[in-house]
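Remarks on the structure that follows.
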Amino acid sequence: MTKNILLLAHLDESGNGLPKAAGEALGAAVELAKQLNASLSIGLIGGDVQAAADSVANSGAQRLLAVMGSDFAQPRFASDLLAAEALCRTASADLILAPATSRFLRALPGLAHRLNGRVDTHITSIQVVDGAVCATRWFYRQRIEGVFQRDARPWILLLDSGCHEAYCGPSGKAAIEEIAVALPSEARRTTIAGIRAPKSDSQTIRPDAALLFVAGAGWTKKQPDGKSHPEQAESLILGFLRASGASLGGSKSLVDQSGENQAVLGFMTHLNQVGQTGATPRHPKGLSTCCHGEEPHVVGWRFINERRAINLDPNCGWARGKADVLYVADAFEVMAKVNDLLKKPQS
Amino acid sequence: MTPVGPAPPAAIDRQQMDVDIACVGFGPAMGGFLTTLSRSLLNPDGSPRLESSCLPGTPLQVICYERADGLGFGVSGAVTRGRGIRRSFPELDLAQIPMATPVKQEKLVYLLDPTGASKRSFALRAADKLIRTFGSFIGCREDALELPFIPSFMQKHDGFVMSLGQFNQWVAEHLTSSGLLQIWPGTPVSAPLIEDRAVKGIRLADQGTALDGTPQDGFLPGMDIRAALTVVGDGPVGAVGRGIDAHFGLPAGHEHSEWALGMKMVIELREDSGLEAGTVLHTFGFPEPEIFGFLYVHPDRLASVGIFIPSWFRSPVRTAYRYLQHFVLHPYLWRHLQGGTLKSWGAKSLQESGRRGEPFLVGNGYARIGEGSGSTNVLSGSGVDEAWTTGAQLAEAVVELLEKKLPFTRQNLEDTYVRRRRASWVDRESRVAADSRNGFPHGLLSGLFGMALAGFTGGRVVIPPPSSRQKGASLEERCGARIPPAELQKLKDEAAERSLPLHDQIMNRCGWPEIPFDGKLLISQQDALLTGGSVQAPPGYANHVAFLRPDVCRNCEPKLCVEMCSGQAISRGESGVPQFDREKCIFCGACLWNCRADEAGEPANIDFRAGAGGLHSALN
Amino acid sequence: MSNGYHIVVCGSVVPDPLQTLEPIETPAGPALKNEMLLPAVLDPWAAHALYEAANLAAHAAGSKVWLVSLGAKAKLRQVMMTIAQKVSFELVPIDGPASGFADAHATAALLAEAIQSITGLDRSRLLLFGGWESASRGAGVTMQLIGERLGILDQFQGVDQLRVQPDGAFEILERIEGGRHQVSLCQGPPALFGWATGNLPEPRNNPQIGMANMRAIMPALQRAKTAAPAPDAIRYRSASPPKQQRQTRIVKNLSAEEIAREIVAWIEKA
């Protein structure tokens with residue numbers, strides 16, 4: 001029987017608000033608290049959490065707890081874990097919801113051990129079935145969807161971004177219960193030196209983009225003239241990304257090519273990989289090109305809503321049944337035309 | 001030291017490692033060798049029985065290298081009588097080997113042509129007409145005639161059906177659990193090391209190279225593994241076996257003239273397929289009279305279904321994949337296979353010269369076992385058990401020599417291994433089979449007659465071999481009656497322009513129906529490459545298929561290497577020289593024996609070298 | 001560092017990610033159909049961790065690498081044959097379930113116990129490596145749970161780079177949202193690193209490494225203890241492959257221009 005739900009969140013990188021994923025996790029927590037008739041608390045971690053707390057002041061949470069201060073401003077395993085532990089113990093929570101951000105994915109599994117509880121991550125939905133809380137997540141790289149429950153409490157559930165409607169309510173003046181946590185010296189052995197990101201004009205990964213553009217190994221393969229045209233491929237892809245604002249994904253064989261002394265696309269790194277050992281990003285639309293027979297159609301596309309593909313094989317079993325539309329055409333030709341059209345103002 | 005094979009960059013400082021026995025290729029022959037040998041390595045008290053001479057004081061050092069990424073990636077569903085395998089495992093419990101089961105029923109089936117597209121001789125057409133006319137009396141159903149009996153020399157009803165991949169894995173597990181010998185997958189061997197007419201070991205393939213073999217960052221020259229005995233079991237297209245043949249030649253009168261490409265699918269059958277585990281079907285007659293087929297039913301609703309395209313099938317557009325799909329679609333089989341799902345797929349070249357292709361079985365420092373040693377029996381259609389047995393025979397010989405502390409000289413190996421082999425059923429039966437297929441180049445009926453003649457007379461009466469080596473038919477010869485020359489030329493030009501193989505267009509034009517792709521069982525060839533595994537082409541190795549003399553390729557039409565490539569890895573390249581994409585190569589080796597330069601009296605223009613990767617599926 | 005690192009890599013076996021996987025129901029919960037038939041590989045991220053460990057050990061004299069691996073003995077044996085030629089390590093095998101449906105907490109307890117029982121392991125020099133996720137469970141929690149059990153307070157996940165500074169401190173790049181990296185500095189061991197793909201190429205096969213490794217690995221596998229994880233802490237209501245099969249519209253006969261128009265209209269539709 002779930003009595004106390006705690007929503008854990010950390011501040012976003014600006015240090016003012018909450019990340020989008022935290023709003024979504026709060027949305028799920030509010031809903032769940034209602035269904036289970038449980039009390040809801042919110043626990044915040046960050047430098048100065050007042051503004052963020054104000055933004056959720058009317059969410060219906062009974063308590064607004066916080067561990068704050070400069071020691072807790074930055075993502076670090078030891079300090080995040082100490083803060084989360086203090087919040088959970090104070091809230092006496094038996095169900096803890098949190099966004100599956102990189103910061104919490106690092107720290108919260110350890111929390112489960114400290115609280116003698118259990119943790120599950122990458123949750124895509126939480127439901128109450130026959131009075132029991134059931135969580136859903138994917139196994140084997142998004143190939144098998146499992147629905148499961150646990151008896152052990154506290155149970156920590158990290159929700160993937162994009163799986164629940166975000167909490168949306170008016171701001172208020174939040175009364176924060178600050179919990180003092182002293183950071184011991186052994187928790188200060190790690191310091192955060194900053195963030196390294198590609199220059200903004202060469203940033204190709206855009207999690208909030210409406211479209212994921214997936215490039216397959218076909219872009220670097222020999223074309224009908226017997227030659228490969230990596231420069232042309234590069235300019236077509238970059239041109240499209242600039243014009244459309246899409247995020248770029250690549251198949252494993254494409255991002256692996258740099259080790260093979262093949263013609264490679266210079267801007268493509270392992271961070272772009274989707275499917276297999278890469279990401280499974282969430283975007284409303286996806287367009288795959290030159291991916292015949294490659295993984296993106298299976299795993300990398302799992303969370304793409306509308307899917308279209310361009311490749312040369314009408315019988316491509318990897319697009320059929322998985323894409324909404326398969327254009328049988330040469331992606332070099334089509335993308336050149338697409339770029340032209342995107343540059344021109346549409347009538 | 002002279003390694004045989006592609007010339008390596010000069011003056012490379014290679015590491016060297018000494019072992020007692022170096023083995024190449026982990027297939028059934030090597031399974032038989034290592035299984036038998038491993039049982040003699042220890043005394044009952046666990047102390048080493050055979051001591052290493054390269055590392056005195058330690059047990060015998062035995063190492064085996066296999067090109068494929070896994071030890072279970074052999075490409076064959078098999079039915080075998082398992083005489084040699086059962087001798088090694090008297091208590092064999094097939095339930096311990098996934099996909100293995102005893103043969104429950106065996107049928108030999110003649111398949112008629114339901115499409116009208118098959119190219120049949122006048123005599124065969126007449127026979128087909130008779131069968132159809134009297135079909136209801138003689139049991140002709142679903143365009144097929146189940147023969148009332150199977151010749152005794154072909155029967156396998158006392159044997160078992162298995163997946164060679166799973167069997168190899170099972171054997172490897174037994175072998176490696178002791179830690180007494182080492183088997184390394186993912187390690188191609190590029191060449192034998194030959195010195196003073198003796199094989200002194202093997203050279204592993206270079207790593208860290210560009211596709212053309214040029215050293216790059218992280219270059220690791222292939223190590224020389226020196227050994228007192230090199231056991232060659234790398235099959236008919238292996239680099240070490242072919243390297244030895246190239247160096248020492250074949251015995252007088254022997255040649256590797258007959259080949260076949262075996263291609264098959266592993267299909268998960270629908271619930272009510274009507275096929276019982278242990279069912280074995282041998283077929284002939286369709287999709288072309290020259291093409292034999294099979295269907296073996298494993299436990300758990302899995303079946304291996306495949307065809308053999310022999311070298312005497314004189315079509316220049318002999319694509320195994322398209323024919324395999326037509327085979328699957330034959331009404332006699334389709335009633336069982338419809339609704340199934342393709343789980344795995346693969347192809348392999350079979351050396352079908354049998355005894356006539358037998359190389360020197362031994363020499364100073366080396367011995368040949370398995371298919372590459374000519375052990376496959378072309379009359380009984382059996383190779384796995386024969387291969388296993390030759391391996392076991394060599395192991396017994398090796399133990400005898402080691403116990404007597406005799407060196408692995410040609411003479412000593414002749415006196416022990418070859419003597420055992422000659423005295424065994426493997427050799428006896430291969431003598432019967434040696435000339436059994438001489439009739440096939442003249443047609444199906446004379447081929448079958450020749451087989452029966454040889455089989456029933458114990459090889460004493462046979463059809464004489466063809467007087468000269470057969471050449472492949474030209475497109476015009478093959479299709480002239482069906483496609484007007486101008487149209488044929490147009491098809492050729494279109495294929496050349498679009499860098500595509502010709503076979504699909506030609507088959508369509510000859511009346512073969514389009515394949516009704518269903519996304520499950522009937523899928524494109526590229527999807528087959530990717531289903532139930534994938535082709536692996538690990539980086540850092542040179543391309544293993546090379547076209548040696550561009551001018552020869554440029555002038556060669558039609559390009560059989562392109563038409564016959566199982567993975568569509570060879571395509572028509574720029575200026576007429578084929579190009580090779582190793583990410584699609586499944587190492588079937590068909591390009592090697594389909595190179596037409598050979599027919600023109602020149603040495604084959606394709607070099608099939610040691611390479612890493614290949615098909616990645618254990619269901620085969 | 002004069003005495004080098006003691007690097008323990010946790011890495012399990014998973015079915016080759018390229019195979020088709022189907023779930024089945026068993027009395028013990030969900031499992032993969034024909035799991036023992038599927039070729040196994042070392043989990044791809046754990047493999048990266050192992051290569052990074054070997055690389056780090058090669059640059060810090062006196063270092064040693066262990067690989068702690070939980071899986072069915074037969075599968076571990078298969079996998080060792082593909083990786084033991086690549087880098088030197090000592091295997092600490094645990095014969096037990098490596099299923100993606102097995103509970104991470106029980107798995108972590110088994111692995112932590114195995115690490116604690118490694119003779120000669122110096123905790124002050126310990127670097128605990130593993131994949132940040134696995135290709136089976138894909139949860140990314142096991143490493144942290146082991147770290148907690150071993151009392152390691154400096155933990156990093158999604159690591160793509162670990163550089164040892166002249167003073168012995170580590171500079172670590174961890175993947176964060178938006179294709180970026182967080183840069184952290186850590187004073188040194190003990191620390192835990194859940195690796196993403198890193199930047200190292202797969203090491204070459206080296207027969208001498210293989211020969212030396214296997215002399216110890218196969219006997220270790222023979223001796224591997226069978227471990228049963230703690231009873232189910234997780235109860236599955238269902239495990240199913242994605243149901244949705246899309247009706248794919250195949251567009252064959254449009255010109256590139258027409259296709260481009262259609263695509264642009266689709267992209268611009270809200």
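Residues in the structure tokens are named by chain (A, B, ... in the order shown) and by number from 1 within that chain; ligands are numbered from 1 in the order shown.
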
I'd like the contact shell of stretch 309-324 of chain B - 8 Å cut-off, only C-alpha atoms, skipping same-chain residues fewer than 4 positions apart - returned as a ChimeraX atom specification. /B:258-264,287,290-292,328,440-441,470-475,478,502-504,506,525,558-560,563-566

May I have the residues within 6 Å of B:Ile267 as a list of chain:residue names, using only C-alpha atoms and disregarding those fewer than 3 positions away in the same chain?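 In the requested format, the answer is B:Leu302, B:Ala303, B:Thr341, B:Leu342, B:Lys343.
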
Would you write out those residues with N, CA, C and O atoms, as a compact mmCIF listing (two decimals), in the first residue's frame?
# COMPACT_ATOMS: atom_id res chain seq x y z
N LEU B 302 11.69 -26.26 -36.39
CA LEU B 302 12.69 -25.66 -37.28
C LEU B 302 12.99 -26.62 -38.42
O LEU B 302 12.99 -27.84 -38.23
N ALA B 303 13.21 -26.07 -39.59
CA ALA B 303 13.56 -26.92 -40.73
C ALA B 303 14.68 -26.27 -41.52
O ALA B 303 14.74 -25.05 -41.65
N THR B 341 8.74 -18.65 -41.02
CA THR B 341 9.57 -17.45 -40.87
C THR B 341 11.03 -17.83 -41.07
O THR B 341 11.49 -18.81 -40.49
N LEU B 342 11.72 -17.03 -41.87
CA LEU B 342 13.13 -17.30 -42.08
C LEU B 342 13.92 -16.90 -40.83
O LEU B 342 13.85 -15.76 -40.39
N LYS B 343 14.62 -17.85 -40.24
CA LYS B 343 15.38 -17.56 -39.03
C LYS B 343 16.87 -17.39 -39.33
O LYS B 343 17.58 -16.72 -38.60

Filtered DSSP result for stretch 101-270 of chain C, state helix (DSSP H, G or I), as a VMD selection string: chain C and resid 104 to 116 123 to 125 142 to 150 207 to 223 256 to 268

Show which residues sit within 10 Å of C:Ala191, as a list in words. Count only C-alpha atoms, and ignore same-chain residues fewer than 4 positions away. Thr190 of chain A; Ile7, Arg123, Ser124, Arg125, Leu126, Leu127, Leu128, Phe129, Gly147, Gly151, Ile152, Leu153, Asp154, Gln155, Phe156, Phe170, Cys186 and Gln187 of chain C

Output file for the selection above: N, CA and C atoms, as a PDB file, in the first residue's frame:
ATOM      1  N   THR A 190      35.597  14.766  -5.968  1.00  0.00           N
ATOM      2  CA  THR A 190      35.306  15.067  -7.375  1.00  0.00           C
ATOM      3  C   THR A 190      34.786  16.495  -7.495  1.00  0.00           C
TER       4      THR A 190
ATOM      5  N   ILE C   7      42.256  -2.717 -11.577  1.00  0.00           N
ATOM      6  CA  ILE C   7      41.033  -2.407 -12.337  1.00  0.00           C
ATOM      7  C   ILE C   7      40.161  -3.660 -12.406  1.00  0.00           C
ATOM      8  N   ARG C 123      41.987  -2.126  -2.335  1.00  0.00           N
ATOM      9  CA  ARG C 123      40.842  -1.219  -2.500  1.00  0.00           C
ATOM     10  C   ARG C 123      41.283   0.228  -2.705  1.00  0.00           C
ATOM     11  N   SER C 124      42.456   0.577  -2.187  1.00  0.00           N
ATOM     12  CA  SER C 124      42.876   1.973  -2.338  1.00  0.00           C
ATOM     13  C   SER C 124      43.323   2.259  -3.772  1.00  0.00           C
ATOM     14  N   ARG C 125      43.564   1.214  -4.548  1.00  0.00           N
ATOM     15  CA  ARG C 125      43.985   1.395  -5.944  1.00  0.00           C
ATOM     16  C   ARG C 125      42.883   0.959  -6.898  1.00  0.00           C
ATOM     17  N   LEU C 126      41.719   0.716  -6.342  1.00  0.00           N
ATOM     18  CA  LEU C 126      40.659   0.090  -7.131  1.00  0.00           C
ATOM     19  C   LEU C 126      39.968   1.070  -8.094  1.00  0.00           C
ATOM     20  N   LEU C 127      39.885   0.658  -9.332  1.00  0.00           N
ATOM     21  CA  LEU C 127      39.030   1.339 -10.299  1.00  0.00           C
ATOM     22  C   LEU C 127      38.014   0.299 -10.761  1.00  0.00           C
ATOM     23  N   LEU C 128      36.764   0.591 -10.527  1.00  0.00           N
ATOM     24  CA  LEU C 128      35.719  -0.346 -10.905  1.00  0.00           C
ATOM     25  C   LEU C 128      35.143   0.098 -12.243  1.00  0.00           C
ATOM     26  N   PHE C 129      35.291  -0.757 -13.246  1.00  0.00           N
ATOM     27  CA  PHE C 129      34.829  -0.435 -14.600  1.00  0.00           C
ATOM     28  C   PHE C 129      33.628  -1.314 -14.956  1.00  0.00           C
ATOM     29  N   GLY C 147      28.996  -0.344  -6.612  1.00  0.00           N
ATOM     30  CA  GLY C 147      29.827   0.727  -6.032  1.00  0.00           C
ATOM     31  C   GLY C 147      29.420   1.055  -4.607  1.00  0.00           C
ATOM     32  N   GLY C 151      31.471   0.787  -1.216  1.00  0.00           N
ATOM     33  CA  GLY C 151      31.758   2.075  -0.585  1.00  0.00           C
ATOM     34  C   GLY C 151      32.517   3.045  -1.478  1.00  0.00           C
ATOM     35  N   ILE C 152      32.238   3.011  -2.773  1.00  0.00           N
ATOM     36  CA  ILE C 152      32.937   3.930  -3.692  1.00  0.00           C
ATOM     37  C   ILE C 152      32.072   5.175  -3.905  1.00  0.00           C
ATOM     38  N   LEU C 153      32.614   6.327  -3.522  1.00  0.00           N
ATOM     39  CA  LEU C 153      31.823   7.561  -3.547  1.00  0.00           C
ATOM     40  C   LEU C 153      32.035   8.392  -4.811  1.00  0.00           C
ATOM     41  N   ASP C 154      33.030   8.014  -5.581  1.00  0.00           N
ATOM     42  CA  ASP C 154      33.267   8.767  -6.805  1.00  0.00           C
ATOM     43  C   ASP C 154      32.862   7.885  -7.980  1.00  0.00           C
ATOM     44  N   GLN C 155      31.699   8.216  -8.499  1.00  0.00           N
ATOM     45  CA  GLN C 155      31.133   7.383  -9.561  1.00  0.00           C
ATOM     46  C   GLN C 155      30.796   8.231 -10.784  1.00  0.00           C
ATOM     47  N   PHE C 156      31.025   7.645 -11.963  1.00  0.00           N
ATOM     48  CA  PHE C 156      30.805   8.360 -13.225  1.00  0.00           C
ATOM     49  C   PHE C 156      30.096   7.427 -14.196  1.00  0.00           C
ATOM     50  N   PHE C 170      42.163  12.311 -12.046  1.00  0.00           N
ATOM     51  CA  PHE C 170      41.522  11.891 -13.296  1.00  0.00           C
ATOM     52  C   PHE C 170      40.705  13.043 -13.878  1.00  0.00           C
ATOM     53  N   CYS C 186      38.609  14.124 -10.641  1.00  0.00           N
ATOM     54  CA  CYS C 186      38.518  13.284  -9.451  1.00  0.00           C
ATOM     55  C   CYS C 186      39.934  13.046  -8.946  1.00  0.00           C
ATOM     56  N   GLN C 187      40.081  13.074  -7.614  1.00  0.00           N
ATOM     57  CA  GLN C 187      41.434  13.030  -7.070  1.00  0.00           C
ATOM     58  C   GLN C 187      42.176  11.724  -7.356  1.00  0.00           C
TER      59      GLN C 187
END

Taking the DSSP assignment computed from this structure's backbone, write out as number ranges by chain all residues of stretch 182-222 of chain B that belong to strand (DSSP E). B: 182-184, 189-195, 198-204, 207-209, 215-220

Once you have the residues from the selection above, write them out as a JSON list (two decimals), in the first residue's frame, restricted to N, CA, C and O atoms.
[["chain", "number", "residue", "atom", "x", "y", "z"],
["B", 182, "GLN", "N", 43.41, -25.24, -27.13],
["B", 182, "GLN", "CA", 42.83, -23.92, -27.34],
["B", 182, "GLN", "C", 42.27, -23.81, -28.76],
["B", 182, "GLN", "O", 42.91, -24.21, -29.71],
["B", 183, "ILE", "N", 41.07, -23.28, -28.83],
["B", 183, "ILE", "CA", 40.45, -23.04, -30.14],
["B", 183, "ILE", "C", 40.10, -21.56, -30.19],
["B", 183, "ILE", "O", 39.40, -21.06, -29.31],
["B", 184, "TRP", "N", 40.58, -20.89, -31.20],
["B", 184, "TRP", "CA", 40.35, -19.44, -31.30],
["B", 184, "TRP", "C", 39.54, -19.08, -32.53],
["B", 184, "TRP", "O", 40.03, -19.18, -33.64],
["B", 189, "VAL", "N", 43.79, -17.50, -40.83],
["B", 189, "VAL", "CA", 45.17, -17.92, -41.09],
["B", 189, "VAL", "C", 45.44, -17.66, -42.56],
["B", 189, "VAL", "O", 44.71, -18.11, -43.43],
["B", 190, "SER", "N", 46.52, -16.91, -42.83],
["B", 190, "SER", "CA", 46.71, -16.47, -44.21],
["B", 190, "SER", "C", 47.45, -17.47, -45.06],
["B", 190, "SER", "O", 47.24, -17.52, -46.26],
["B", 191, "ALA", "N", 48.33, -18.26, -44.48],
["B", 191, "ALA", "CA", 49.16, -19.11, -45.34],
["B", 191, "ALA", "C", 49.88, -20.17, -44.52],
["B", 191, "ALA", "O", 50.11, -19.99, -43.33],
["B", 192, "PRO", "N", 50.27, -21.25, -45.20],
["B", 192, "PRO", "CA", 51.17, -22.19, -44.54],
["B", 192, "PRO", "C", 52.60, -21.65, -44.61],
["B", 192, "PRO", "O", 52.94, -20.92, -45.53],
["B", 193, "LEU", "N", 53.42, -22.03, -43.65],
["B", 193, "LEU", "CA", 54.84, -21.68, -43.71],
["B", 193, "LEU", "C", 55.56, -22.89, -44.28],
["B", 193, "LEU", "O", 55.55, -23.97, -43.68],
["B", 194, "ILE", "N", 56.15, -22.72, -45.44],
["B", 194, "ILE", "CA", 56.77, -23.86, -46.11],
["B", 194, "ILE", "C", 58.28, -23.62, -46.23],
["B", 194, "ILE", "O", 58.72, -22.57, -46.67],
["B", 195, "GLU", "N", 59.03, -24.62, -45.82],
["B", 195, "GLU", "CA", 60.49, -24.51, -45.81],
["B", 195, "GLU", "C", 61.05, -25.87, -46.15],
["B", 195, "GLU", "O", 60.67, -26.87, -45.53],
["B", 198, "ALA", "N", 58.79, -28.76, -46.53],
["B", 198, "ALA", "CA", 58.07, -29.19, -45.32],
["B", 198, "ALA", "C", 57.22, -28.03, -44.83],
["B", 198, "ALA", "O", 57.59, -26.87, -44.99],
["B", 199, "VAL", "N", 56.07, -28.36, -44.28],
["B", 199, "VAL", "CA", 55.24, -27.31, -43.68],
["B", 199, "VAL", "C", 55.70, -27.14, -42.23],
["B", 199, "VAL", "O", 55.75, -28.10, -41.46],
["B", 200, "LYS", "N", 56.06, -25.92, -41.89],
["B", 200, "LYS", "CA", 56.63, -25.66, -40.57],
["B", 200, "LYS", "C", 55.66, -24.92, -39.65],
["B", 200, "LYS", "O", 56.03, -24.49, -38.58],
["B", 201, "GLY", "N", 54.46, -24.71, -40.13],
["B", 201, "GLY", "CA", 53.50, -24.00, -39.30],
["B", 201, "GLY", "C", 52.61, -23.13, -40.16],
["B", 201, "GLY", "O", 52.44, -23.39, -41.36],
["B", 202, "ILE", "N", 52.07, -22.09, -39.56],
["B", 202, "ILE", "CA", 51.11, -21.24, -40.28],
["B", 202, "ILE", "C", 51.37, -19.76, -39.95],
["B", 202, "ILE", "O", 51.99, -19.46, -38.93],
["B", 203, "ARG", "N", 50.90, -18.93, -40.82],
["B", 203, "ARG", "CA", 50.99, -17.49, -40.57],
["B", 203, "ARG", "C", 49.59, -16.92, -40.44],
["B", 203, "ARG", "O", 48.75, -17.14, -41.31],
["B", 204, "LEU", "N", 49.36, -16.21, -39.35],
["B", 204, "LEU", "CA", 48.04, -15.59, -39.15],
["B", 204, "LEU", "C", 47.93, -14.35, -40.01],
["B", 204, "LEU", "O", 48.93, -13.75, -40.39],
["B", 207, "GLN", "N", 46.79, -7.79, -39.12],
["B", 207, "GLN", "CA", 45.70, -6.95, -38.60],
["B", 207, "GLN", "C", 46.16, -5.49, -38.61],
["B", 207, "GLN", "O", 47.35, -5.21, -38.55],
["B", 208, "GLY", "N", 45.20, -4.61, -38.66],
["B", 208, "GLY", "CA", 45.54, -3.19, -38.69],
["B", 208, "GLY", "C", 45.98, -2.75, -40.07],
["B", 208, "GLY", "O", 46.95, -2.03, -40.23],
["B", 209, "THR", "N", 45.27, -3.24, -41.08],
["B", 209, "THR", "CA", 45.62, -2.84, -42.44],
["B", 209, "THR", "C", 44.43, -2.15, -43.10],
["B", 209, "THR", "O", 43.29, -2.29, -42.65],
["B", 215, "PRO", "N", 49.69, -1.55, -44.37],
["B", 215, "PRO", "CA", 49.69, -1.34, -42.91],
["B", 215, "PRO", "C", 49.22, 0.06, -42.53],
["B", 215, "PRO", "O", 49.52, 1.03, -43.22],
["B", 216, "GLN", "N", 48.46, 0.10, -41.43],
["B", 216, "GLN", "CA", 47.96, 1.38, -40.93],
["B", 216, "GLN", "C", 48.31, 1.51, -39.46],
["B", 216, "GLN", "O", 48.96, 0.64, -38.89],
["B", 217, "ASP", "N", 47.77, 2.53, -38.82],
["B", 217, "ASP", "CA", 47.96, 2.68, -37.38],
["B", 217, "ASP", "C", 47.52, 1.39, -36.69],
["B", 217, "ASP", "O", 46.49, 0.83, -37.02],
["B", 218, "GLY", "N", 48.30, 0.97, -35.74],
["B", 218, "GLY", "CA", 47.92, -0.24, -35.01],
["B", 218, "GLY", "C", 48.18, -1.50, -35.80],
["B", 218, "GLY", "O", 47.60, -2.54, -35.54],
["B", 219, "PHE", "N", 49.06, -1.43, -36.79],
["B", 219, "PHE", "CA", 49.37, -2.60, -37.61],
["B", 219, "PHE", "C", 49.97, -3.70, -36.74],
["B", 219, "PHE", "O", 50.88, -3.46, -35.95],
["B", 220, "LEU", "N", 49.41, -4.87, -36.84],
["B", 220, "LEU", "CA", 49.93, -6.02, -36.09],
["B", 220, "LEU", "C", 50.18, -7.13, -37.11],
["B", 220, "LEU", "O", 49.25, -7.78, -37.58]]

So that I can check the surroundings of stretch 122-132 of chain B, please list as a VMD selection string every protein, DNA and RNA residue that reaches within 10 Å of it, counting only C-alpha atoms and ignoring chain neighbours fewer than 2 positions away. chain B and resid 110 to 113 119 to 120 134 to 141 143 to 145 285 289 443 to 445

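In this structure, atom CA of C:Ile83 sits 11.5 Å away from atom CA of C:Val13.
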
Using only C-alpha atoms, find which residues of chain C lie within 6 Å of chain A and jot them down as a PyMOL selection string. chain C and resi 135-137+139+141+144-145+148+153+155+157+176+178-187+234-241+245-252+256-257+260

Would you mind listing what lies within 8 Å of B:Pro359 as a VMD selection string, with only C-alpha atoms counted and same-chain residues fewer than 3 positions away left out? chain B and resid 245 249 to 251 254 372 to 374

Applying 12 Å and only C-alpha atoms, which residues near C:Met218 remain after dropping the ones on its own chain fewer than 6 positions away? List them as JSON, numbers by chain. {"B": [173, 174, 175, 176, 177, 178, 179, 180, 181, 182, 183], "C": [73, 74, 76, 77, 78, 79, 80, 81, 84, 90, 91, 92, 93, 210, 211, 212, 224]}

Which residues of chain B come within 10 Å of chain A, and for each one, what is the closest pair of atoms and their distance in Å to one decimal, counting only C-alpha atoms, sorted by chain and residue number, as CSV?
residue,atom,partner,partner_atom,distance
B:Gly208,CA,A:Glu260,CA,9.1
B:Thr209,CA,A:Glu260,CA,8.8
B:Ala210,CA,A:Asn261,CA,6.6
B:Leu211,CA,A:Asn261,CA,8.2
B:Gln216,CA,A:Asn261,CA,8.8
B:Asp217,CA,A:Gly259,CA,9.8
B:Glu497,CA,A:Pro224,CA,8.3
B:Arg498,CA,A:Pro224,CA,6.5
B:Ser499,CA,A:Pro224,CA,6.7
B:Leu500,CA,A:Pro224,CA,9.6
B:Phe517,CA,A:Asn315,CA,7.2
B:Asp518,CA,A:Gly317,CA,8.9
B:Gly519,CA,A:Gly317,CA,5.6
B:Lys520,CA,A:Gly317,CA,8.3
B:Leu522,CA,A:Asn315,CA,9.9
B:Ile523,CA,A:Gly317,CA,6.9
B:Ser524,CA,A:Asn315,CA,6.1
B:Gln525,CA,A:Asn315,CA,9.5
B:Gln526,CA,A:Gly293,CA,7.3
B:Asp527,CA,A:Gly317,CA,6.2
B:Ala528,CA,A:Gly317,CA,9.3
B:Leu529,CA,A:Gly293,CA,8.7
B:Leu530,CA,A:Gly293,CA,6.5
B:Thr531,CA,A:Gly293,CA,9.0
B:Ser534,CA,A:Gly293,CA,9.7
B:Pro538,CA,A:Glu260,CA,8.8
B:Pro539,CA,A:Glu260,CA,5.4
B:Gly540,CA,A:Glu260,CA,6.5
B:Tyr541,CA,A:Glu260,CA,9.1
B:Ser571,CA,A:Gly226,CA,9.9
B:Arg572,CA,A:Gly226,CA,8.9
B:Gly573,CA,A:Gly226,CA,6.1
B:Glu574,CA,A:Gly226,CA,5.2
B:Ser575,CA,A:Gly226,CA,8.9
B:Gln579,CA,A:Gly226,CA,8.5
B:Asp581,CA,A:Lys221,CA,9.4
B:Glu583,CA,A:Ser253,CA,9.9

Test item: chain C residues at most 8 Å from chain B, counting only C-alpha atoms, as a ChimeraX atom specification: /C:18-20,37-39,74,77-78,81-82,204-205,207-208,211,214-215,218-219,221-222

I'd like to know which of B:Ala423, B:Leu55, B:Ile586, B:Leu94 is closest to B:Ser163, using only C-alpha atoms.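 The answer is B:Leu94, which sits nearest to B:Ser163.
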
Using only C-alpha atoms, can you tell me which of A:Asp130, A:Trp301, A:Leu212, A:Ile96 comes closest to A:Ile156? A:Ile96

Give me, please, the distance in Å between atom CA of C:Ile115 and atom CA of A:Ser185, quoted to one decimal.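 Between atom CA of C:Ile115 and atom CA of A:Ser185 the gap works out to 26.0 Å.
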